[in-house]
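Data block for query.pdb (PDB, C-alpha atoms):
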```
ATOM      1  CA  MET A   1       0.000   0.000   0.000
ATOM      2  CA  ASP A   2       1.285   3.480  -0.890
ATOM      3  CA  GLN A   3       2.216   5.577   2.117
ATOM      4  CA  LEU A   4       3.110   9.182   2.709
ATOM      5  CA  ASP A   5       6.821   9.599   3.277
ATOM      6  CA  TYR A   6       7.555  12.470   5.635
ATOM      7  CA  THR A   7      11.224  12.544   4.682
ATOM      8  CA  ILE A   8      10.211  13.413   1.149
ATOM      9  CA  HIS A   9       7.265  15.598   2.136
ATOM     10  CA  GLN A  10       9.171  18.841   2.519
ATOM     11  CA  PRO A  11       8.995  21.482  -0.259
ATOM     12  CA  ALA A  12      12.667  21.419  -1.255
ATOM     13  CA  ARG A  13      12.971  17.640  -0.978
ATOM     14  CA  LEU A  14       9.801  17.171  -3.025
ATOM     15  CA  GLN A  15      11.384  19.314  -5.741
ATOM     16  CA  ILE A  16      14.680  17.451  -5.519
ATOM     17  CA  MET A  17      13.104  14.008  -5.689
ATOM     18  CA  SER A  18      10.732  15.028  -8.463
ATOM     19  CA  ALA A  19      13.645  16.388 -10.495
ATOM     20  CA  LEU A  20      15.948  13.418  -9.867
ATOM     21  CA  CYS A  21      13.240  10.884 -10.733
ATOM     22  CA  GLN A  22      13.121  12.337 -14.251
ATOM     23  CA  LEU A  23      16.663  11.115 -14.901
ATOM     24  CA  SER A  24      17.100   7.674 -16.377
ATOM     25  CA  GLU A  25      18.694   4.941 -14.280
ATOM     26  CA  ARG A  26      22.028   5.594 -15.980
ATOM     27  CA  GLU A  27      22.085   9.336 -15.424
ATOM     28  CA  ARG A  28      23.439  11.552 -12.654
ATOM     29  CA  VAL A  29      23.200  15.296 -12.312
ATOM     30  CA  ASP A  30      25.902  17.720 -11.265
ATOM     31  CA  PHE A  31      25.366  19.330  -7.835
ATOM     32  CA  THR A  32      25.846  22.904  -9.148
ATOM     33  CA  TYR A  33      23.545  22.303 -12.093
ATOM     34  CA  LEU A  34      20.860  20.912  -9.768
ATOM     35  CA  LYS A  35      21.331  23.804  -7.341
ATOM     36  CA  ASP A  36      20.882  26.388 -10.103
ATOM     37  CA  HIS A  37      17.979  24.476 -11.572
ATOM     38  CA  LEU A  38      16.100  24.364  -8.252
ATOM     39  CA  GLY A  39      17.140  27.853  -7.109
ATOM     40  CA  LEU A  40      18.601  26.599  -3.815
ATOM     41  CA  THR A  41      21.774  27.609  -2.009
ATOM     42  CA  ASP A  42      24.799  25.317  -1.628
ATOM     43  CA  GLY A  43      24.130  24.751   2.070
ATOM     44  CA  ASN A  44      20.413  24.226   1.656
ATOM     45  CA  LEU A  45      20.751  21.715  -1.155
ATOM     46  CA  GLY A  46      23.627  19.962   0.625
ATOM     47  CA  ALA A  47      21.578  19.540   3.797
ATOM     48  CA  HIS A  48      18.560  18.144   1.963
ATOM     49  CA  LEU A  49      20.716  15.798  -0.078
ATOM     50  CA  ALA A  50      22.341  14.528   3.119
ATOM     51  CA  THR A  51      18.901  13.780   4.565
ATOM     52  CA  LEU A  52      17.807  11.927   1.429
ATOM     53  CA  GLU A  53      21.127  10.097   1.198
ATOM     54  CA  GLY A  54      20.762   9.031   4.829
ATOM     55  CA  ARG A  55      17.482   7.334   3.940
ATOM     56  CA  GLY A  56      19.080   5.641   0.944
ATOM     57  CA  TYR A  57      16.919   7.565  -1.536
ATOM     58  CA  ILE A  58      19.775   9.131  -3.456
ATOM     59  CA  ALA A  59      23.434   8.336  -4.168
ATOM     60  CA  VAL A  60      26.052  11.082  -4.062
ATOM     61  CA  ASP A  61      29.331  10.505  -5.918
ATOM     62  CA  LYS A  62      32.315  12.797  -5.709
ATOM     63  CA  GLU A  63      34.906  12.698  -8.454
ATOM     64  CA  PHE A  64      37.453  14.865 -10.214
ATOM     65  CA  VAL A  65      36.631  16.348 -13.613
ATOM     66  CA  ALA A  66      39.499  18.270 -15.248
ATOM     67  CA  ARG A  67      41.271  18.259 -11.844
ATOM     68  CA  ARG A  68      38.325  19.876 -10.116
ATOM     69  CA  PRO A  69      36.130  18.113  -7.579
ATOM     70  CA  LYS A  70      32.597  17.562  -8.826
ATOM     71  CA  THR A  71      29.626  16.075  -7.045
ATOM     72  CA  PHE A  72      27.049  14.052  -8.972
ATOM     73  CA  VAL A  73      23.666  13.070  -7.598
ATOM     74  CA  ALA A  74      21.373  10.220  -8.700
ATOM     75  CA  VAL A  75      18.211   8.693  -7.337
ATOM     76  CA  THR A  76      18.388   5.086  -6.119
ATOM     77  CA  PRO A  77      15.777   2.401  -6.899
ATOM     78  CA  ALA A  78      14.596   2.701  -3.268
ATOM     79  CA  GLY A  79      14.250   6.460  -3.741
ATOM     80  CA  ARG A  80      12.235   6.023  -6.932
ATOM     81  CA  GLN A  81       9.951   3.565  -5.193
ATOM     82  CA  ALA A  82       9.482   5.780  -2.141
ATOM     83  CA  PHE A  83       8.760   8.833  -4.286
ATOM     84  CA  ALA A  84       6.258   6.955  -6.458
ATOM     85  CA  GLY A  85       4.550   5.689  -3.300
ATOM     86  CA  HIS A  86       4.446   9.189  -1.832
ATOM     87  CA  VAL A  87       2.911  10.666  -4.994
ATOM     88  CA  ALA A  88       0.328   7.874  -5.107
ATOM     89  CA  ALA A  89      -0.543   8.505  -1.439
ATOM     90  CA  LEU A  90      -0.964  12.245  -2.124
ATOM     91  CA  GLN A  91      -3.243  11.452  -5.052
ATOM     92  CA  LEU A  92      -5.284   9.130  -2.831
ATOM     93  CA  LEU A  93      -5.875  12.028  -0.451
ATOM     94  CA  LEU A  94      -7.476  13.955  -3.303
ATOM     95  CA  ALA A  95      -9.527  11.052  -4.624
ATOM     96  CA  PRO A  96     -13.267  11.262  -3.863
ATOM     97  CA  LYS A  97     -14.276   8.770  -1.166
TER      98      LYS A  97
ATOM     99  CA  MET B  98       1.475  14.376  11.097
ATOM    100  CA  ASN B  99      -1.569  14.580   8.862
ATOM    101  CA  ILE B 100      -1.765  16.155   5.452
ATOM    102  CA  SER B 101      -4.933  17.925   4.368
ATOM    103  CA  PRO B 102      -6.260  17.544   0.822
ATOM    104  CA  GLU B 103      -5.251  21.184   0.193
ATOM    105  CA  GLU B 104      -1.671  20.455   1.240
ATOM    106  CA  ALA B 105      -1.659  17.319  -0.893
ATOM    107  CA  GLU B 106      -2.885  19.291  -3.887
ATOM    108  CA  LYS B 107      -0.209  21.961  -3.347
ATOM    109  CA  ALA B 108       2.493  19.292  -3.037
ATOM    110  CA  LEU B 109       1.354  17.594  -6.250
ATOM    111  CA  LEU B 110       1.451  20.920  -8.082
ATOM    112  CA  GLU B 111       5.010  21.529  -6.833
ATOM    113  CA  ILE B 112       6.012  18.037  -7.933
ATOM    114  CA  GLU B 113       4.505  18.605 -11.369
ATOM    115  CA  ALA B 114       6.242  21.973 -11.771
ATOM    116  CA  SER B 115       9.591  20.462 -10.815
ATOM    117  CA  ARG B 116       8.993  17.483 -13.100
ATOM    118  CA  VAL B 117       8.179  19.690 -16.095
ATOM    119  CA  ALA B 118      11.196  21.959 -15.482
ATOM    120  CA  MET B 119      13.575  19.011 -15.138
ATOM    121  CA  ARG B 120      12.184  17.308 -18.233
ATOM    122  CA  GLY B 121      12.966  20.473 -20.185
ATOM    123  CA  ALA B 122      16.502  20.501 -18.793
ATOM    124  CA  ILE B 123      17.020  16.823 -19.579
ATOM    125  CA  ARG B 124      15.628  17.262 -23.084
ATOM    126  CA  SER B 125      18.266  19.921 -23.707
ATOM    127  CA  HIS B 126      20.869  17.225 -22.916
ATOM    128  CA  ARG B 127      19.558  14.580 -25.275
ATOM    129  CA  GLY B 128      21.346  13.892 -28.523
ATOM    130  CA  HIS B 129      19.816  16.712 -30.573
ATOM    131  CA  LEU B 130      23.047  18.730 -30.725
ATOM    132  CA  PHE B 131      24.886  15.731 -32.166
ATOM    133  CA  LEU B 132      22.079  15.156 -34.666
ATOM    134  CA  TRP B 133      22.170  18.799 -35.767
ATOM    135  CA  LEU B 134      25.950  18.839 -36.012
ATOM    136  CA  TRP B 135      26.209  15.606 -37.998
ATOM    137  CA  GLY B 136      23.172  16.448 -40.082
ATOM    138  CA  PHE B 137      24.849  19.632 -41.312
ATOM    139  CA  VAL B 138      28.247  17.938 -41.705
ATOM    140  CA  TRP B 139      26.592  15.115 -43.641
ATOM    141  CA  MET B 140      24.767  17.548 -45.944
ATOM    142  CA  ALA B 141      27.956  19.542 -46.554
ATOM    143  CA  MET B 142      29.928  16.382 -47.375
ATOM    144  CA  SER B 143      27.180  15.085 -49.664
ATOM    145  CA  ALA B 144      26.959  18.402 -51.498
ATOM    146  CA  LEU B 145      30.716  18.488 -52.049
ATOM    147  CA  TYR B 146      30.764  14.885 -53.260
ATOM    148  CA  TRP B 147      27.892  15.680 -55.574
ATOM    149  CA  ILE B 148      29.709  18.692 -57.066
ATOM    150  CA  ASP B 149      33.105  16.996 -57.384
ATOM    151  CA  GLY B 150      34.354  14.448 -54.860
ATOM    152  CA  HIS B 151      37.938  14.408 -56.199
ATOM    153  CA  ARG B 152      38.330  18.174 -56.213
ATOM    154  CA  PHE B 153      36.894  18.718 -52.739
ATOM    155  CA  LEU B 154      38.394  15.697 -50.983
ATOM    156  CA  TRP B 155      40.301  17.769 -48.412
ATOM    157  CA  GLU B 156      37.280  19.950 -47.703
ATOM    158  CA  ILE B 157      35.223  16.801 -47.125
ATOM    159  CA  VAL B 158      37.858  15.471 -44.719
ATOM    160  CA  ALA B 159      37.889  18.879 -42.983
ATOM    161  CA  PHE B 160      34.108  18.752 -42.466
ATOM    162  CA  ALA B 161      34.357  15.250 -41.012
ATOM    163  CA  ALA B 162      37.177  16.387 -38.690
ATOM    164  CA  ALA B 163      35.111  19.409 -37.615
ATOM    165  CA  GLY B 164      32.236  17.068 -36.823
ATOM    166  CA  ILE B 165      34.482  14.874 -34.672
ATOM    167  CA  VAL B 166      35.956  17.858 -32.797
ATOM    168  CA  GLY B 167      32.478  19.376 -32.343
ATOM    169  CA  SER B 168      31.166  16.077 -30.971
ATOM    170  CA  PHE B 169      33.946  15.971 -28.382
ATOM    171  CA  VAL B 170      33.236  19.561 -27.308
ATOM    172  CA  ILE B 171      29.480  18.939 -26.982
ATOM    173  CA  GLY B 172      30.118  15.703 -25.104
ATOM    174  CA  ILE B 173      32.505  17.336 -22.630
ATOM    175  CA  VAL B 174      30.212  20.327 -21.941
ATOM    176  CA  GLN B 175      27.065  18.221 -21.501
ATOM    177  CA  ASP B 176      28.858  15.627 -19.405
ATOM    178  CA  ARG B 177      29.594  18.286 -16.793
ATOM    179  CA  GLN B 178      25.887  18.853 -16.132
ATOM    180  CA  ILE B 179      24.050  15.590 -16.627
ATOM    181  CA  ARG B 180      26.287  12.569 -16.851
ATOM    182  CA  SER B 181      25.471   9.068 -18.059
ATOM    183  CA  ARG B 182      27.300   6.118 -16.611
ATOM    184  CA  PHE B 183      29.897   4.727 -19.004
ATOM    185  CA  ASP B 184      28.616   1.477 -20.456
ATOM    186  CA  ARG B 185      31.613  -0.742 -21.176
ATOM    187  CA  ARG B 186      29.590  -3.394 -22.941
ATOM    188  CA  PHE B 187      28.101  -0.844 -25.344
ATOM    189  CA  ALA B 188      31.526   0.692 -25.925
ATOM    190  CA  ALA B 189      32.902  -2.781 -26.722
ATOM    191  CA  VAL B 190      30.107  -3.411 -29.236
ATOM    192  CA  CYS B 191      30.808  -0.045 -30.922
ATOM    193  CA  ALA B 192      34.552  -0.727 -31.001
ATOM    194  CA  THR B 193      33.950  -4.161 -32.558
ATOM    195  CA  LEU B 194      31.670  -2.750 -35.251
ATOM    196  CA  LEU B 195      34.111   0.051 -36.074
ATOM    197  CA  VAL B 196      37.210  -2.163 -36.126
ATOM    198  CA  PHE B 197      35.504  -4.654 -38.424
ATOM    199  CA  GLY B 198      33.885  -1.887 -40.459
ATOM    200  CA  TYR B 199      37.022   0.162 -41.032
ATOM    201  CA  GLY B 200      39.786  -2.389 -40.621
ATOM    202  CA  VAL B 201      38.581  -5.831 -41.594
ATOM    203  CA  TRP B 202      35.869  -5.809 -44.267
ATOM    204  CA  PRO B 203      37.473  -3.196 -46.595
ATOM    205  CA  VAL B 204      40.807  -5.030 -46.335
ATOM    206  CA  LEU B 205      39.274  -8.453 -46.981
ATOM    207  CA  PHE B 206      37.068  -7.343 -49.852
ATOM    208  CA  GLY B 207      39.378  -4.758 -51.407
ATOM    209  CA  GLY B 208      38.780  -1.075 -52.056
ATOM    210  CA  PHE B 209      35.595   0.648 -53.110
ATOM    211  CA  ALA B 210      34.525   0.938 -56.715
ATOM    212  CA  SER B 211      33.383   4.548 -56.366
ATOM    213  CA  HIS B 212      32.886   7.455 -53.972
ATOM    214  CA  LYS B 213      29.228   6.489 -53.828
ATOM    215  CA  ALA B 214      30.044   2.962 -52.695
ATOM    216  CA  ALA B 215      32.505   4.222 -50.069
ATOM    217  CA  PHE B 216      30.151   6.897 -48.756
ATOM    218  CA  GLY B 217      27.237   4.462 -48.692
ATOM    219  CA  TYR B 218      29.281   1.786 -46.929
ATOM    220  CA  PHE B 219      30.610   4.056 -44.169
ATOM    221  CA  SER B 220      27.207   5.705 -43.730
ATOM    222  CA  LEU B 221      25.625   2.296 -43.216
ATOM    223  CA  LEU B 222      28.390   1.370 -40.791
ATOM    224  CA  TRP B 223      27.617   4.413 -38.621
ATOM    225  CA  MET B 224      23.908   3.758 -38.896
ATOM    226  CA  GLN B 225      24.552   0.318 -37.418
ATOM    227  CA  LEU B 226      25.880   2.147 -34.376
ATOM    228  CA  TYR B 227      22.745   4.307 -34.246
ATOM    229  CA  ILE B 228      20.586   1.195 -34.408
ATOM    230  CA  VAL B 229      22.554  -0.567 -31.670
ATOM    231  CA  ALA B 230      22.429   2.598 -29.527
ATOM    232  CA  GLY B 231      18.677   2.784 -30.119
ATOM    233  CA  ILE B 232      18.209  -0.816 -28.992
ATOM    234  CA  TRP B 233      20.513  -0.239 -26.035
ATOM    235  CA  PHE B 234      19.486   3.206 -24.782
ATOM    236  CA  ASP B 235      16.854   5.344 -26.448
ATOM    237  CA  ILE B 236      14.527   4.125 -29.173
ATOM    238  CA  TYR B 237      14.621   7.328 -31.250
ATOM    239  CA  LEU B 238      18.172   6.452 -32.359
ATOM    240  CA  LEU B 239      16.856   3.161 -33.741
ATOM    241  CA  TRP B 240      14.295   4.974 -35.919
ATOM    242  CA  VAL B 241      16.875   7.501 -37.134
ATOM    243  CA  GLY B 242      19.276   4.642 -37.973
ATOM    244  CA  LEU B 243      16.620   2.677 -39.846
ATOM    245  CA  ALA B 244      15.340   5.711 -41.768
ATOM    246  CA  VAL B 245      18.810   6.764 -42.935
ATOM    247  CA  THR B 246      19.742   3.156 -43.766
ATOM    248  CA  ALA B 247      16.615   2.806 -45.893
ATOM    249  CA  LEU B 248      17.405   6.056 -47.742
ATOM    250  CA  ILE B 249      21.028   5.085 -48.402
ATOM    251  CA  VAL B 250      20.116   1.612 -49.683
ATOM    252  CA  ALA B 251      17.241   2.982 -51.782
ATOM    253  CA  GLY B 252      19.465   5.670 -53.288
ATOM    254  CA  PHE B 253      22.273   3.239 -54.038
ATOM    255  CA  LEU B 254      20.189   0.449 -55.531
ATOM    256  CA  LEU B 255      17.104   2.120 -56.950
ATOM    257  CA  ALA B 256      18.217   5.592 -57.966
ATOM    258  CA  PRO B 257      22.011   5.637 -58.396
ATOM    259  CA  GLY B 258      21.760   8.776 -60.540
ATOM    260  CA  PHE B 259      20.278  10.617 -57.577
ATOM    261  CA  PHE B 260      22.407   8.981 -54.863
ATOM    262  CA  TRP B 261      23.827  12.269 -53.553
ATOM    263  CA  ALA B 262      20.350  13.765 -53.388
ATOM    264  CA  PHE B 263      19.391  10.822 -51.172
ATOM    265  CA  THR B 264      22.413  11.392 -48.929
ATOM    266  CA  LEU B 265      21.530  15.092 -48.672
ATOM    267  CA  LEU B 266      18.103  13.965 -47.557
ATOM    268  CA  CYS B 267      19.777  11.723 -44.931
ATOM    269  CA  GLY B 268      21.461  14.827 -43.479
ATOM    270  CA  ALA B 269      18.099  16.558 -43.425
ATOM    271  CA  VAL B 270      16.638  13.534 -41.604
ATOM    272  CA  LEU B 271      19.322  13.908 -38.922
ATOM    273  CA  VAL B 272      18.654  17.648 -38.546
ATOM    274  CA  GLY B 273      14.881  17.137 -38.458
ATOM    275  CA  SER B 274      15.241  14.319 -35.918
ATOM    276  CA  GLY B 275      17.298  16.692 -33.792
ATOM    277  CA  PHE B 276      14.399  19.155 -33.700
ATOM    278  CA  TYR B 277      11.963  16.375 -32.848
ATOM    279  CA  VAL B 278      14.171  15.083 -30.023
ATOM    280  CA  ARG B 279      14.767  18.592 -28.670
ATOM    281  CA  TYR B 280      11.175  19.773 -28.606
ATOM    282  CA  PHE B 281       8.884  16.753 -28.615
ATOM    283  CA  TRP B 282      10.698  13.641 -27.381
ATOM    284  CA  ARG B 283       9.775  12.530 -23.843
TER     285      ARG B 283
END
```
Produce structure tokens that represent the structure in this file.
Amino acid sequence: MDQLDYTIHQPARLQIMSALCQLSERERVDFTYLKDHLGLTDGNLGAHLATLEGRGYIAVDKEFVARRPKTFVAVTPAGRQAFAGHVAALQLLLAPK
Amino acid sequence: MNISPEEAEKALLEIEASRVAMRGAIRSHRGHLFLWLWGFVWMAMSALYWIDGHRFLWEIVAFAAAGIVGSFVIGIVQDRQIRSRFDRRFAAVCATLLVFGYGVWPVLFGGFASHKAAFGYFSLLWMQLYIVAGIWFDIYLLWVGLAVTALIVAGFLLAPGFFWAFTLLCGAVLVGSGFYVRYFWR
């Protein structure tokens, strides 16, 4: 049964998860690109990503690109499942009884 | 913690807005830039071959080199924003096709009888890669590969007098597919 997920149900984290779930399973997005895309600050995005990573909903990889550290973020299968369940639970709340 | 229907509705609207915005961003990272680049390179090469392949050989090589350099630049820039995991198995399949296509078959079967035969052969070789990439990753590449393959074969076998017109059309197919992928593909 689909359940509300209160880790995801926070405005910024909803945005983050919604955005990340649009990527294919092979794709990861750059931290700075995601930050600019969502209009968040470094600290704000970093804190929300840490929360989501702690729940196993996203994977954060750090690597060097042209000798500069870059952070890439991707949603995990567990994160996709949790987000889909959360959206379904929200839709159930709106469904006529 | 309970969520009211109003809150649920607001959350769903936020999710939808974020989804739509990210889809637009992802769409701008699909292969349309490569399709545009190679579509124009292909058309330029076809036009030069059509006018006089011997006279413009170096210009044709220069266009191909510009396409390769442009592809690297696009790849590097896009890879810094949205990155796909490197697929070794796919890379191995591509390498096999290219090694056989460039190094084995032409050597075993000798040179090409004409510029048309050479252009058609190498075009079909690259379209094999499109088709494999379409099967592997994103289906639109399969359709592009099949459409261009059909045009090349039709031009070569059915209308050899208009072969270069067919290859020009192939370039236009790549450019048009780029627009479709950029603005309409999922």
For chain A, which residues have at least one atom within 9 Å of chain B, if we go by only C-alpha atoms? Write them as an mmCIF file with C-alpha atoms, in the frame of the given file, please.
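Everything below was put into iface_38.cif:
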```
data_model
loop_
_atom_site.group_PDB
_atom_site.id
_atom_site.type_symbol
_atom_site.label_atom_id
_atom_site.label_comp_id
_atom_site.auth_asym_id
_atom_site.auth_seq_id
_atom_site.Cartn_x
_atom_site.Cartn_y
_atom_site.Cartn_z
ATOM 1 C CA LEU A 4 3.110 9.182 2.709
ATOM 2 C CA TYR A 6 7.555 12.470 5.635
ATOM 3 C CA HIS A 9 7.265 15.598 2.136
ATOM 4 C CA GLN A 10 9.171 18.841 2.519
ATOM 5 C CA PRO A 11 8.995 21.482 -0.259
ATOM 6 C CA LEU A 14 9.801 17.171 -3.025
ATOM 7 C CA GLN A 15 11.384 19.314 -5.741
ATOM 8 C CA ILE A 16 14.680 17.451 -5.519
ATOM 9 C CA MET A 17 13.104 14.008 -5.689
ATOM 10 C CA SER A 18 10.732 15.028 -8.463
ATOM 11 C CA ALA A 19 13.645 16.388 -10.495
ATOM 12 C CA LEU A 20 15.948 13.418 -9.867
ATOM 13 C CA CYS A 21 13.240 10.884 -10.733
ATOM 14 C CA GLN A 22 13.121 12.337 -14.251
ATOM 15 C CA LEU A 23 16.663 11.115 -14.901
ATOM 16 C CA SER A 24 17.100 7.674 -16.377
ATOM 17 C CA GLU A 25 18.694 4.941 -14.280
ATOM 18 C CA ARG A 26 22.028 5.594 -15.980
ATOM 19 C CA GLU A 27 22.085 9.336 -15.424
ATOM 20 C CA ARG A 28 23.439 11.552 -12.654
ATOM 21 C CA VAL A 29 23.200 15.296 -12.312
ATOM 22 C CA ASP A 30 25.902 17.720 -11.265
ATOM 23 C CA PHE A 31 25.366 19.330 -7.835
ATOM 24 C CA THR A 32 25.846 22.904 -9.148
ATOM 25 C CA TYR A 33 23.545 22.303 -12.093
ATOM 26 C CA LEU A 34 20.860 20.912 -9.768
ATOM 27 C CA HIS A 37 17.979 24.476 -11.572
ATOM 28 C CA LEU A 38 16.100 24.364 -8.252
ATOM 29 C CA VAL A 65 36.631 16.348 -13.613
ATOM 30 C CA LYS A 70 32.597 17.562 -8.826
ATOM 31 C CA PHE A 72 27.049 14.052 -8.972
ATOM 32 C CA VAL A 87 2.911 10.666 -4.994
ATOM 33 C CA ALA A 89 -0.543 8.505 -1.439
ATOM 34 C CA LEU A 90 -0.964 12.245 -2.124
ATOM 35 C CA GLN A 91 -3.243 11.452 -5.052
ATOM 36 C CA LEU A 93 -5.875 12.028 -0.451
ATOM 37 C CA LEU A 94 -7.476 13.955 -3.303
#
```
How big is the axis-aligned box around all listed atoms of region 28-31 of chain A once 4 Å goes on each side, and where's its centre, in Å to one decimal, as lines of an AutoDock Vina configuration file?
```
center_x = 24.6
center_y = 15.4
center_z = -10.2
size_x = 10.7
size_y = 15.8
size_z = 12.8
```
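Residues matching the PyMOL selection byres ((chain B and resi 186-193) around 12) in this structure come to B:Arg182, B:Phe183, B:Asp184, B:Arg185, B:Leu194, B:Leu195, B:Val196, B:Phe197, B:Gly198, B:Tyr199, B:Gly200, B:Val201, B:Trp202, B:Leu222, B:Trp223, B:Met224, B:Gln225, B:Leu226, B:Tyr227, B:Ile228, B:Val229, B:Ala230, B:Gly231, B:Ile232, B:Trp233, B:Phe234.
With all atoms listed in the file as the atoms that count, the minimum distance from Gly128 (chain B) to the choices B:Leu238, B:Ala210, B:Ala256, B:Leu266 is reached by B:Leu238.
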- Query: Mind pulling up the distance from CA of Ala214 (chain B) to CA of Gly268 (chain B)?
  - Reply: 17.3 Å
- Pull out every residue that the PyMOL selection byres ((chain B and resi 241-253) around 12) matches in the shown coordinates and put them as a PyMOL selection string. chain B and resi 128-129+132+136+139+143+211-232+235-240+254-275+277-278
- What does the distance between CA of Phe153 (chain B) and CA of Phe209 (chain B) come to in Å, to one decimal place?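 Separation of CA of Phe153 (chain B) and CA of Phe209 (chain B): 18.1 Å.
Considering all atoms listed in the file, the residue among A:Asp36, A:Asn44, A:Tyr57, A:Asp5 positioned nearest to Ala74 (chain A) is A:Tyr57.
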- Find the distance between CA of Leu45 (chain A) and CA of Leu92 (chain A) and write it in Å to one decimal.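 Atom-to-atom, CA of Leu45 (chain A) and CA of Leu92 (chain A) are spaced 29.0 Å apart.
Among the candidate residues A:Leu49, A:Ala95, A:Ile8, A:Lys35, the one lying nearest to Arg80 (chain A) is A:Ile8, with distances computed using all atoms listed in the file.
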- Item | Pick from B:Leu110, B:Leu130, B:Val204, B:Ala144, whichever lies nearest to Ile157 (chain B) using all atoms listed in the file |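 Distance minimum relative to Ile157 (chain B) lands on B:Ala144.
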